[in-house]
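Each remark here refers to the structure printed beneath this line.
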Amino acid sequence: MSGGGGELRLVIRESSPTPVYEQIRAQIEGMVRVGALHDGDKLPSVRQLAGDLRIAPGTVAKAYAELAESGVIETAPGRAARIRHVPTIPEPLLQAARAYAQRAHGLGATFDDALNALRAQW
């Protein structure tokens with residue numbers, strides 16, 4: 001990925017009940033919200049990302065369409081998708097999340113279990 005931002009590293013969990021397009025959408029939005037991706041950063045083409053992840057291009061296209069609809073990215077025919085300015089998560093909340101993630105990981109919790117525990121407490 002180019003454009004001054006971070007590298008796009010996505011992890012697809014085939015065992016997750018979450019559809020692959022939603023995993024892509026959520027991870028990219030999360031990277032924007034924590035400041036790992038910035039306004040103007042280019043995303044890989046649909047075809048390139050699909051090849052990198054070994055998934056169907058339509059899956060990536062659906063994720064990009066949802067990101068565009070929610071205002072996280074901007075797309076135009078024949079042009080690379082780019083990150084739009086989106087407010088980031090405040091640092092104190094990121095620190096609390098980091099501490100929770102470390103504690104949950106230390107307890108041997110899976111990501112899904114940790115997320116479900118957080119939802120239950122919300």
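In the structure tokens, each chain is lettered A, B, ... as it comes, each chain's residues begin at 1, and ligands are numbered from 1 in order of appearance.
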
Please run DSSP on the backbone and report, as an mmCIF file with N, CA and C atoms, in the first residue's frame, all residues within chain A that come out as strand (DSSP E).
```
data_model
loop_
_atom_site.group_PDB
_atom_site.id
_atom_site.type_symbol
_atom_site.label_atom_id
_atom_site.label_comp_id
_atom_site.auth_asym_id
_atom_site.auth_seq_id
_atom_site.Cartn_x
_atom_site.Cartn_y
_atom_site.Cartn_z
ATOM 1 N N ILE A 73 -13.941 5.173 2.982
ATOM 2 C CA ILE A 73 -13.094 5.284 1.797
ATOM 3 C C ILE A 73 -13.860 5.999 0.697
ATOM 4 N N GLU A 74 -13.105 6.480 -0.295
ATOM 5 C CA GLU A 74 -13.747 7.023 -1.484
ATOM 6 C C GLU A 74 -13.257 6.225 -2.680
ATOM 7 N N THR A 75 -14.166 5.976 -3.579
ATOM 8 C CA THR A 75 -13.846 5.207 -4.770
ATOM 9 C C THR A 75 -14.342 5.968 -5.996
ATOM 10 N N ALA A 76 -13.703 5.695 -7.117
ATOM 11 C CA ALA A 76 -14.127 6.247 -8.397
ATOM 12 C C ALA A 76 -13.684 5.274 -9.474
ATOM 13 N N ARG A 79 -9.909 4.553 -10.616
ATOM 14 C CA ARG A 79 -8.978 5.155 -9.649
ATOM 15 C C ARG A 79 -8.894 4.273 -8.415
ATOM 16 N N ALA A 80 -7.759 4.347 -7.738
ATOM 17 C CA ALA A 80 -7.566 3.555 -6.516
ATOM 18 C C ALA A 80 -8.500 4.048 -5.414
ATOM 19 N N ALA A 81 -8.980 3.112 -4.615
ATOM 20 C CA ALA A 81 -9.757 3.478 -3.434
ATOM 21 C C ALA A 81 -8.815 4.153 -2.446
ATOM 22 N N ARG A 82 -9.293 5.212 -1.806
ATOM 23 C CA ARG A 82 -8.466 5.956 -0.850
ATOM 24 C C ARG A 82 -9.222 6.137 0.461
ATOM 25 N N ILE A 83 -8.439 6.190 1.528
ATOM 26 C CA ILE A 83 -8.998 6.440 2.850
ATOM 27 C C ILE A 83 -9.483 7.888 2.914
#
```

* Test item: residues at most 9 Å from Ile89 (chain A), only C-alpha atoms, excluding those fewer than 6 positions along its chain, as a ChimeraX atom specification -> /A:33-35

Next, the residues of the selection above should be written as a PDB file, in the first residue's frame with N, CA and C atoms.
```pdb
ATOM      1  N   ARG A  33      -9.663   3.936  12.283  1.00  0.00           N
ATOM      2  CA  ARG A  33     -10.074   4.496  13.577  1.00  0.00           C
ATOM      3  C   ARG A  33      -8.933   4.597  14.582  1.00  0.00           C
ATOM      4  N   VAL A  34      -7.965   3.678  14.492  1.00  0.00           N
ATOM      5  CA  VAL A  34      -6.827   3.741  15.422  1.00  0.00           C
ATOM      6  C   VAL A  34      -5.663   4.539  14.859  1.00  0.00           C
ATOM      7  N   GLY A  35      -5.811   5.057  13.638  1.00  0.00           N
ATOM      8  CA  GLY A  35      -4.777   5.902  13.059  1.00  0.00           C
ATOM      9  C   GLY A  35      -3.689   5.159  12.310  1.00  0.00           C
TER      10      GLY A  35
END
```

Neighbouring residues of Val86 (chain A) were defined as those with any atom within 9 Å, considering only C-alpha atoms; residues of the same chain fewer than 2 positions away were excluded. Please report them as an mmCIF file with C-alpha atoms, in the first residue's frame.
```
data_model
loop_
_atom_site.group_PDB
_atom_site.id
_atom_site.type_symbol
_atom_site.label_atom_id
_atom_site.label_comp_id
_atom_site.auth_asym_id
_atom_site.auth_seq_id
_atom_site.Cartn_x
_atom_site.Cartn_y
_atom_site.Cartn_z
ATOM 1 C CA VAL A 32 -8.519 3.928 10.148
ATOM 2 C CA ARG A 33 -10.074 4.496 13.577
ATOM 3 C CA HIS A 38 -4.645 7.932 7.150
ATOM 4 C CA ASP A 39 -6.599 10.332 4.973
ATOM 5 C CA GLY A 71 -17.690 7.218 4.281
ATOM 6 C CA VAL A 72 -14.483 5.458 5.338
ATOM 7 C CA ILE A 83 -8.998 6.440 2.850
ATOM 8 C CA ARG A 84 -11.141 9.440 3.772
ATOM 9 C CA THR A 88 -9.780 8.295 15.294
#
```

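The shell of residues at most 8 Å from region 15-30 of chain A, with only C-alpha atoms counted and near chain neighbours (fewer than 3 positions) removed, consists of Leu8, Leu10, Ile12, Arg33, Val34, Thr59, Val60, Lys62, Ala63, Tyr64, Glu66, Leu67 and Val72 of chain A.
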
So that I have them on file, write out the residues from the current selection with N, CA and C atoms, as a short mmCIF file (atom, residue, chain, number, x, y, z; two decimals), in the first residue's frame.
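Full text of result.cif as output:
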```
data_model
loop_
_atom_site.label_atom_id
_atom_site.label_comp_id
_atom_site.auth_asym_id
_atom_site.auth_seq_id
_atom_site.Cartn_x
_atom_site.Cartn_y
_atom_site.Cartn_z
N LEU A 8 -1.17 -2.46 4.77
CA LEU A 8 -2.46 -3.11 4.97
C LEU A 8 -2.22 -4.60 5.22
N LEU A 10 -4.23 -7.74 6.63
CA LEU A 10 -5.53 -8.27 7.03
C LEU A 10 -5.39 -9.74 7.38
N ILE A 12 -7.75 -13.08 7.73
CA ILE A 12 -9.06 -13.69 7.51
C ILE A 12 -9.14 -14.96 8.33
N ARG A 33 -9.66 3.94 12.28
CA ARG A 33 -10.07 4.50 13.58
C ARG A 33 -8.93 4.60 14.58
N VAL A 34 -7.97 3.68 14.49
CA VAL A 34 -6.83 3.74 15.42
C VAL A 34 -5.66 4.54 14.86
N THR A 59 -15.90 -10.55 -3.12
CA THR A 59 -15.88 -10.42 -1.66
C THR A 59 -15.21 -9.11 -1.26
N VAL A 60 -14.07 -8.81 -1.89
CA VAL A 60 -13.36 -7.56 -1.61
C VAL A 60 -14.20 -6.37 -2.09
N LYS A 62 -17.38 -6.12 -2.26
CA LYS A 62 -18.47 -5.88 -1.32
C LYS A 62 -17.97 -5.13 -0.08
N ALA A 63 -16.81 -5.52 0.43
CA ALA A 63 -16.23 -4.83 1.59
C ALA A 63 -15.94 -3.37 1.25
N TYR A 64 -15.33 -3.13 0.08
CA TYR A 64 -15.02 -1.76 -0.34
C TYR A 64 -16.29 -0.95 -0.53
N GLU A 66 -19.14 -1.28 1.04
CA GLU A 66 -19.67 -0.92 2.36
C GLU A 66 -18.82 0.17 3.02
N LEU A 67 -17.50 0.09 2.85
CA LEU A 67 -16.63 1.14 3.39
C LEU A 67 -16.91 2.48 2.71
N VAL A 72 -15.85 5.74 4.89
CA VAL A 72 -14.48 5.46 5.34
C VAL A 72 -13.50 5.57 4.18
#
```

* To do: Please give the complete set of residues from chain A that DSSP, run on the backbone, assigns to helix (DSSP H, G or I), formatted as a PyMOL selection string.
  => chain A and resi 20-33+46-53+57-69+91-106+111-121

* **Shortest interatomic distance to Glu14 (chain A) - which of A:Ala68, A:Ala36, A:Leu53, A:Ala104, counting only C-alpha atoms** => A:Leu53

* Structure fact -> The distance between CA of His85 (chain A) and CA of Ser45 (chain A) is 19.6 Å

* Might you pull out every residue within 12 Å of Asp112 (chain A), with only C-alpha atoms counted and same-chain residues fewer than 2 positions away left off, and present them as a PyMOL selection string? => chain A and resi 13+15-18+101+104-105+108-110+114-119

Got time to write the residues from that selection, C-alpha atoms, as a PDB file, in the first residue's frame?
```pdb
ATOM      1  CA  ARG A  13     -10.355 -16.222  10.012  1.00  0.00           C
ATOM      2  CA  SER A  15     -13.395 -20.484  11.235  1.00  0.00           C
ATOM      3  CA  SER A  16     -15.158 -17.238  12.171  1.00  0.00           C
ATOM      4  CA  PRO A  17     -18.933 -17.025  11.764  1.00  0.00           C
ATOM      5  CA  THR A  18     -18.374 -13.459  10.488  1.00  0.00           C
ATOM      6  CA  ALA A 101      -6.785  -7.462  25.005  1.00  0.00           C
ATOM      7  CA  ALA A 104      -7.891 -11.654  27.775  1.00  0.00           C
ATOM      8  CA  HIS A 105      -5.051 -13.108  25.716  1.00  0.00           C
ATOM      9  CA  GLY A 108      -6.270 -17.890  26.907  1.00  0.00           C
ATOM     10  CA  ALA A 109      -9.444 -16.335  25.532  1.00  0.00           C
ATOM     11  CA  THR A 110     -10.113 -16.391  21.812  1.00  0.00           C
ATOM     12  CA  ALA A 114     -13.095 -11.638  24.416  1.00  0.00           C
ATOM     13  CA  LEU A 115     -15.425  -9.677  22.151  1.00  0.00           C
ATOM     14  CA  ASN A 116     -18.482 -11.545  23.454  1.00  0.00           C
ATOM     15  CA  ALA A 117     -17.410 -10.867  27.058  1.00  0.00           C
ATOM     16  CA  LEU A 118     -17.105  -7.164  26.264  1.00  0.00           C
ATOM     17  CA  ARG A 119     -20.534  -7.148  24.605  1.00  0.00           C
TER      18      ARG A 119
END
```
